[in-house]
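A.B. asks: First the structure, then my questions, so here it is.
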There are 2 protein chains.
Amino acid sequence: MAAFESLRGFRDYAPPDAGARSELRRRMRAAARRCGFVELETPSVESLELFQVKSGAEISEELWAFEDKGHRRVALVAETTPSLARVFVDRAKAEPLPVKWFTVSRLWRYEEPQAGRTREFLQVNLDILGVRATTAEAEVLATAALLLDEAGATGLYAFRLNDRALAEGLGRRFGAVVAPERFFRALDRYRKASVQEFRSELSAAGVPDGSVDELVALLAATGRGVPLGEAETFLARLEALGLDDAALEGTRRLRELAGLLPRFGLGDRVVLDPTVVRGLAYYTSVVFEAFDASGDGRALFGGGRYDNLVELFGGPPTPAVGLAIGDQTLELLLRRHGRWPEGEPPLDTYVVAVTPAEVPTALSWVQQLRRAGVSADADLMARSMSRQLKEAARRRARRALIAGPQELARGVALERDLATGEQRERPVEEALRPA
Amino acid sequence: MAAFESLRGFRDYAPPDAGARSELRRRMRAAARRCGFVELETPSVESLELFQVKSGAEISEELWAFEDKGHRRVALVAETTPSLARVFVDRAKAEPLPVKWFTVSRLWRYEEPQAGRTREFLQVNLDILGVRATTAEAEVLATAALLLDEAGATGLYAFRLNDRALAEGLGRRFGAVVAPERFFRALDRYRKASVQEFRSELSAAGVPDGSVDELVALLAATGRGVPLGEAETFLARLEALGLDDAALEGTRRLRELAGLLPRFGLGDRVVLDPTVVRGLAYYTSVVFEAFDASGDGRALFGGGRYDNLVELFGGPPTPAVGLAIGDQTLELLLRRHGRWPEGEPPLDTYVVAVTPAEVPTALSWVQQLRRAGVSADADLMARSMSRQLKEAARRRARRALIAGPQELARGVALERDLATGEQRERPVEEALRPA
């Protein structure tokens with residue numbers, strides 16, 4: 001009989017990887033709480049119409065949608081924001097603003113699997129609802145930074161920052177008359193494609209040849225992103241292009257954020273990048289993404305401001321900012337830099353029964369140790385002493401506690417330090433007390 | 001516009017309930033590790049055929065099955081065991097036995113929602129593979145007890161224990177010729193229905209009237225379950241009925257377990273109960289369930305030995321024991337007894353800006369505190385000082401750290417103990433150091 005396989009794009013996490021993932025989630029949850037975010041948990045299946053409220057033709061094609069036994073059109077959740085908006089609208093009257101919610105959710109997207117992209121994945125979402133000021137952007141970025149650092153990614157990432165209204169204004173200024181989406185797509189390709197491809201994307205967006213040259217020169221001057229120390233000069237240069245009021249609102253927000261972020265400890269971890277637009281259509285102004293600072297600069301995850309979404313879901317007008325950290329790209333980042341956590345911790349005590357007669361005693365010691373907060377285990381299969389000691393070593397136990405007939409008669413156990421091999425007799429009661 | 005709703009049988013966990021659930025999962029994971037179990041994480045969607053390997057007509061009707069975009073028949077996972085068996089078969093050659101795995105998984109069953117039963121729920125599974133001895137049953141029960149105790153349920157539950165082979169043998173002995181399933185169903189109804197209904201279920205299973213009387217008398221003598229101290233007498237009474245060899249194998253296993261469980265610290269938490277059969281068809285011998293010891297005795301969760309399952313999935317013959325703790329019945333139990341955990345912990349420090357000019361300072365203090373491991377927050381909306389202090393109280397902060405213009409000029413902050421109202425000046429650097 002052929003072995004069964006998991007579905008394409010779905011991963012099994014065997015030990016110790018599942019443990020490492022638990023540990024990362026635990027650390028990120030603790031960091032989010034330390035930053036004043038509280039946890040929200042929403043279902044994995046929602047009615048399809050929830051995902052049809054907002055744009056997202058792109059998302060819709062990726063949706064795992066189906067009909068349930070009650071003939072309802074439902075879908076596996078592909079992003080957390082619609083569920084979050086639904087719950088917020090339901091509770092809006094009861095929740096004092098601002099709301100700072102985090103979620104840790106499995107999500108599903110029917111996409112082509114590749115490195116860092118699976119059809120089932122986990123996302124940590126951070127959202128702030130109710131704050132119009134850019135302090136909200138600074139707060140989610142600072143919190144994301146703490147989460148990433150606690151996950152072990154200190155020094156490995158930085159954030160790119162932009163504003164959608166500014167990007168749209170640049171499109172108008174440079175004559176991208178076809179559609180803002182085409183201009184956004186061109187910008188998005190800037191760091192991923194050749195200059196040649198970028199030029200032809202701009203042309204397709206309706207940008208005339210002369211403006212293409214001007215824009216290519218402008219972006220070339222940003223290098224790999226404009227450091228916050230140079231933000232003022234860069235924003236002034238953009239404004240000197242003759243932008244319309246909507247776009248100037250964008251530079252105003254970015255200027256404010258550039259001033260605020262150093263106070264949040266992020267002065268050296270953020271660059272301005274006019275090519276960042278993010279895929280989700282519901283972002284209204286500031287957008288940002290994290291990228292691998294030491295590697296190829298690929299985006300790790302993104303977020304932004306979505307001031308219109310809550311209203312779309314039937315709630316009161318509510319400004320909002322959010323971001324989502326995905327487990328797959330984070331894992332790649334941590335593994336690439338040798339920062340993937342250990343997973344299952346070593347055992348403290350392995351109790352060894354010298355003969356089968358000592359097995360019940362060994363098992364009862366194990367229980368007492370566990371009840372006292374000590375990780376402990378023993379053989380369940382009454383195997384030889386050497387097999388038991390081998391297992392103790394495989395489990396990286398700190399010590400073996402050996403129950404032998406002579407020793408038991410005298411109320412003592414042999415305690416062997418498995419690092420040094422040193423062995424000594426200890427009264428049983430003392431040996432079972434946590435260190 | 002009408003507000004959206006979650007699907008029937010699906011729950012939102014708003015703060016602080018999601019936090020309470022995280023805390024319970026954290027404690028149960030830690031307890032499982034302390035008992036030498038390591039974590040396994042498997043997908044939420046599997047190919048439908050994985051769930052068709054074993055019986056489970058009952059489960060099949062509850063399956064959320066559908067066709068994906070690649071025309072594969074898939075299903076949301078309704079129980080973890082098939083995925084676990086799949087992974088084990090895949091890794092069987094690499095895994096030293098015994099394997100002790102735990103999982104924490106969301107599962108989906110299309111059932112009629114009721115108290116303690118939702119269509120989406122969470123299960124902690126504990127499984128031991130490779131151990132034929134009843135030490136495995138004792139180990140999963142002892143581990144489950146530690147998990148439940150760490151979740152706050154100490155003293156609220158007990159375990160009922162039985163053996164399928166014994167139950168089948170009793171069926172034969174009492175003339176249940178129709179089908180073992182009918183006899184099992186009758187047994188299962190014993191504690192939930194009237195004696196009258198129980199009698200008619202037995203008749204439907206083919207038990208003749210005289211044997212019905214005999215069986216009713218036998219079960220009446222077990223009261224609410226046979227304490228382990230009386231297990232020997234009870235098992236001898238069963239054996240005296242004249243059971244066949246298969247059934248005697250069952251009493252042998254229960255006798256062994258009754259001797260072993262006190263060594264595992266479970267002497268006063270387990271009763272023998274010949275009516276326990278459990279729903280899942282793949283259990284081969286010992287079965288058990290946890291029940292609310294102080295309440296109506298309803299089953300909280302169950303488990304048992306499934307020695308044939310791994311082979312069914314294409315692996316080597318591998319004895320196995322497992323159990324699953326569900327979040328819904330556990331929540332009901334904990335809430336019923338006032339043991340539901342707090343959820344979100346109180347904040348340590350709320351930083352208050354006296355005027356808008358101090359907001360950047362307040363926000364930067366917050367970052368320093370968080371980086372030092374202290375939970376801290378401040379207002380993102382530049383609201384009045386009294387609003388900020390109200391928010392600090394709502395968040396149950398231990399202290400407010402007040403940034404005022406005069407104090408900042410002198411390098412100090414006002415620290416207000418929010419329990420006592422006492423206030424004192426402290427050098428900023430000292431106030432930002434973790435307590």
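Ordering of the structure tokens sets the chain letters (A, B, ...); residue numbers start at 1 within each chain; ligands are numbered from 1 in the order shown.
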When DSSP works through the backbone of this structure, what residues of region 23-198 of chain A end up as strand (DSSP E or B), shown as JSON, numbers by chain?

C.D. replies: {"A": [38, 39, 41, 45, 46, 47, 65, 66, 67, 73, 74, 75, 76, 99, 100, 101, 102, 103, 104, 105, 106, 107, 108, 114, 117, 120, 121, 122, 123, 124, 125, 126, 127, 128, 129, 157, 158, 159, 160, 161, 162, 163]}

A.B. asks: Hey, which bits of chain A sit within 6 Å of chain B, and for each residue what's the closest pair of atoms and how far apart in Å (one decimal), counting only C-alpha atoms, rows by chain and increasing number, as a Markdown table?

C.D. replies:
```
| residue | atom | partner | partner_atom | distance |
| --- | --- | --- | --- | --- |
| A:Met1 | CA | B:Gly314 | CA | 5.4 |
| A:Ala3 | CA | B:Gly314 | CA | 5.9 |
| A:Phe4 | CA | B:Arg86 | CA | 6.0 |
| A:Asp12 | CA | B:Thr42 | CA | 4.8 |
| A:Tyr13 | CA | B:Glu41 | CA | 4.9 |
| A:Ala14 | CA | B:Leu40 | CA | 5.1 |
| A:Pro15 | CA | B:Leu40 | CA | 5.8 |
| A:Ala18 | CA | B:Leu40 | CA | 5.4 |
| A:Gly19 | CA | B:Glu39 | CA | 5.4 |
| A:Arg34 | CA | B:Ser375 | CA | 3.8 |
| A:Gly36 | CA | B:Asp377 | CA | 5.8 |
| A:Glu39 | CA | B:Gly19 | CA | 5.4 |
| A:Leu40 | CA | B:Ala14 | CA | 5.1 |
| A:Glu41 | CA | B:Tyr13 | CA | 4.9 |
| A:Thr42 | CA | B:Asp12 | CA | 4.8 |
| A:Arg86 | CA | B:Phe4 | CA | 6.0 |
| A:Thr135 | CA | B:Leu380 | CA | 5.7 |
| A:Arg263 | CA | B:Ser364 | CA | 5.0 |
| A:Phe264 | CA | B:Ser364 | CA | 5.4 |
| A:Gly314 | CA | B:Met1 | CA | 5.4 |
| A:Ser364 | CA | B:Arg263 | CA | 5.0 |
| A:Gln367 | CA | B:Phe264 | CA | 6.0 |
| A:Ser375 | CA | B:Arg34 | CA | 3.8 |
| A:Asp377 | CA | B:Gly36 | CA | 5.8 |
| A:Leu380 | CA | B:Thr135 | CA | 5.7 |
```

A.B. asks: Write out, as a CSV table (one decimal), in the first residue's frame, the residues just selected, with N, CA and C atoms.

C.D. replies:
```
chain,number,residue,atom,x,y,z
A,1,MET,N,0.8,-1.2,0.0
A,1,MET,CA,0.0,0.0,0.0
A,1,MET,C,0.9,1.2,0.0
A,3,ALA,N,2.2,4.9,0.6
A,3,ALA,CA,2.0,5.9,1.8
A,3,ALA,C,1.2,7.1,1.3
A,4,PHE,N,0.5,7.6,2.2
A,4,PHE,CA,-0.3,8.8,1.9
A,4,PHE,C,0.6,10.0,2.0
A,12,ASP,N,4.0,19.3,6.7
A,12,ASP,CA,4.0,18.7,8.1
A,12,ASP,C,5.2,19.3,8.8
A,13,TYR,N,5.0,19.6,10.1
A,13,TYR,CA,6.1,20.0,10.9
A,13,TYR,C,6.4,18.9,11.9
A,14,ALA,N,7.3,18.1,11.6
A,14,ALA,CA,7.7,17.0,12.6
A,14,ALA,C,8.6,17.6,13.7
A,15,PRO,N,8.7,16.9,14.8
A,15,PRO,CA,9.6,17.3,15.8
A,15,PRO,C,11.0,17.4,15.3
A,18,ALA,N,8.0,21.6,14.9
A,18,ALA,CA,6.7,22.1,15.4
A,18,ALA,C,7.0,22.8,16.8
A,19,GLY,N,7.9,22.3,17.5
A,19,GLY,CA,8.2,22.9,18.8
A,19,GLY,C,8.9,24.3,18.6
A,34,ARG,N,3.3,42.8,25.6
A,34,ARG,CA,4.1,43.8,26.2
A,34,ARG,C,3.9,45.2,25.6
A,36,GLY,N,1.0,46.2,24.6
A,36,GLY,CA,-0.3,46.6,24.8
A,36,GLY,C,-1.3,46.1,23.8
A,39,GLU,N,-5.2,39.8,22.4
A,39,GLU,CA,-5.4,38.8,21.4
A,39,GLU,C,-6.9,38.7,21.0
A,40,LEU,N,-7.1,38.5,19.7
A,40,LEU,CA,-8.4,38.2,19.1
A,40,LEU,C,-8.2,36.8,18.3
A,41,GLU,N,-9.2,36.0,18.4
A,41,GLU,CA,-9.2,34.7,17.7
A,41,GLU,C,-10.5,34.6,16.9
A,42,THR,N,-10.3,34.4,15.6
A,42,THR,CA,-11.5,34.3,14.7
A,42,THR,C,-11.5,33.0,14.0
A,86,ARG,N,-15.2,42.5,10.8
A,86,ARG,CA,-16.5,41.9,11.2
A,86,ARG,C,-16.7,42.0,12.7
A,135,THR,N,1.2,58.2,14.7
A,135,THR,CA,1.7,57.5,15.8
A,135,THR,C,1.2,56.0,15.7
A,263,ARG,N,12.1,58.3,17.6
A,263,ARG,CA,11.6,58.2,19.0
A,263,ARG,C,11.1,56.8,19.4
A,264,PHE,N,10.7,56.1,18.4
A,264,PHE,CA,10.3,54.7,18.6
A,264,PHE,C,11.5,53.7,18.5
A,314,GLY,N,-19.7,48.0,7.3
A,314,GLY,CA,-20.9,48.4,8.0
A,314,GLY,C,-20.7,49.1,9.3
A,364,SER,N,6.9,5.9,38.9
A,364,SER,CA,6.3,6.7,40.0
A,364,SER,C,7.3,7.9,40.3
A,367,GLN,N,6.6,10.6,37.7
A,367,GLN,CA,5.4,11.4,38.0
A,367,GLN,C,5.6,12.4,39.0
A,375,SER,N,11.0,18.3,34.0
A,375,SER,CA,10.7,17.4,32.8
A,375,SER,C,11.4,16.1,33.1
A,377,ASP,N,11.3,11.5,32.2
A,377,ASP,CA,10.8,10.5,31.5
A,377,ASP,C,11.4,9.2,31.9
A,380,LEU,N,9.0,3.0,28.8
A,380,LEU,CA,7.7,2.4,29.0
A,380,LEU,C,7.7,0.9,28.5
```

A.B. asks: Please identify all polymer residues within 9 Å of Gly229 (chain A), counting only C-alpha atoms, omitting same-chain residues fewer than 3 positions from it, and present them as a tab-separated table (two decimals) with all heavy atoms, in the first residue's frame.

C.D. replies:
```tsv
chain	number	residue	atom	x	y	z
A	226	VAL	N	15.83	55.52	1.03
A	226	VAL	CA	16.33	56.79	1.57
A	226	VAL	C	16.35	56.71	3.09
A	226	VAL	O	15.30	56.57	3.73
A	226	VAL	CB	15.41	57.95	1.13
A	226	VAL	CG1	15.91	59.27	1.70
A	226	VAL	CG2	15.31	58.00	-0.39
A	232	GLU	N	14.06	64.41	4.74
A	232	GLU	CA	13.60	65.77	4.49
A	232	GLU	C	14.04	66.24	3.10
A	232	GLU	O	13.23	66.75	2.32
A	232	GLU	CB	14.12	66.70	5.58
A	232	GLU	CG	13.69	68.14	5.44
A	232	GLU	CD	12.19	68.30	5.16
A	232	GLU	OE1	11.39	67.62	5.83
A	232	GLU	OE2	11.83	69.10	4.26
A	233	THR	N	15.30	66.03	2.77
A	233	THR	CA	15.83	66.42	1.46
A	233	THR	C	15.07	65.72	0.34
A	233	THR	O	14.68	66.33	-0.65
A	233	THR	CB	17.33	66.04	1.38
A	233	THR	OG1	17.98	66.47	2.56
A	233	THR	CG2	17.97	66.65	0.14
A	258	ALA	N	8.82	60.20	9.59
A	258	ALA	CA	10.29	60.24	9.63
A	258	ALA	C	10.77	60.92	10.90
A	258	ALA	O	11.83	60.57	11.44
A	258	ALA	CB	10.83	60.95	8.39
A	267	GLY	N	15.06	54.54	14.20
A	267	GLY	CA	15.74	55.48	13.32
A	267	GLY	C	16.63	54.81	12.27
A	267	GLY	O	16.69	55.23	11.12
A	268	ASP	N	17.29	53.72	12.67
A	268	ASP	CA	18.24	53.09	11.74
A	268	ASP	C	17.65	51.85	11.07
A	268	ASP	O	18.36	51.08	10.45
A	268	ASP	CB	19.52	52.71	12.49
A	268	ASP	CG	19.23	51.82	13.68
A	268	ASP	OD1	18.03	51.60	14.00
A	268	ASP	OD2	20.18	51.32	14.31
```

A.B. asks: As an exercise, work out the distance from CA of Gly175 (chain B) to CA of Asp163 (chain B) in Å and give it to one decimal place.

C.D. replies: 18.4 Å

A.B. asks: With a distance cut-off of 12 Å and only C-alpha atoms, select the neighbouring residues of region 152-155 of chain B, excluding the residue or stretch itself and same-chain residues fewer than 4 positions from it, and output the selection as a count of residues only.

C.D. replies: 36

A.B. asks: To one decimal place in Å, what is the distance between CA of Leu257 (chain B) and CA of Ala400 (chain A)?

C.D. replies: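 The value is 26.1 Å.
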
A.B. asks: Looking only at the backbone, which of the residues in region 229-300 of chain A does DSSP tag as alpha helix (DSSP H), as a list in words?

C.D. replies: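 Taking region 229-300 of chain A and keeping alpha helix (DSSP H) only, one gets Ala231, Glu232, Thr233, Phe234, Leu235, Ala236, Arg237, Leu238, Glu239, Asp245, Ala246, Ala247, Leu248, Glu249, Gly250, Thr251, Arg252, Arg253, Leu254, Arg255, Glu256, Leu257, Ala258, Gly259 and Leu260 of chain A.
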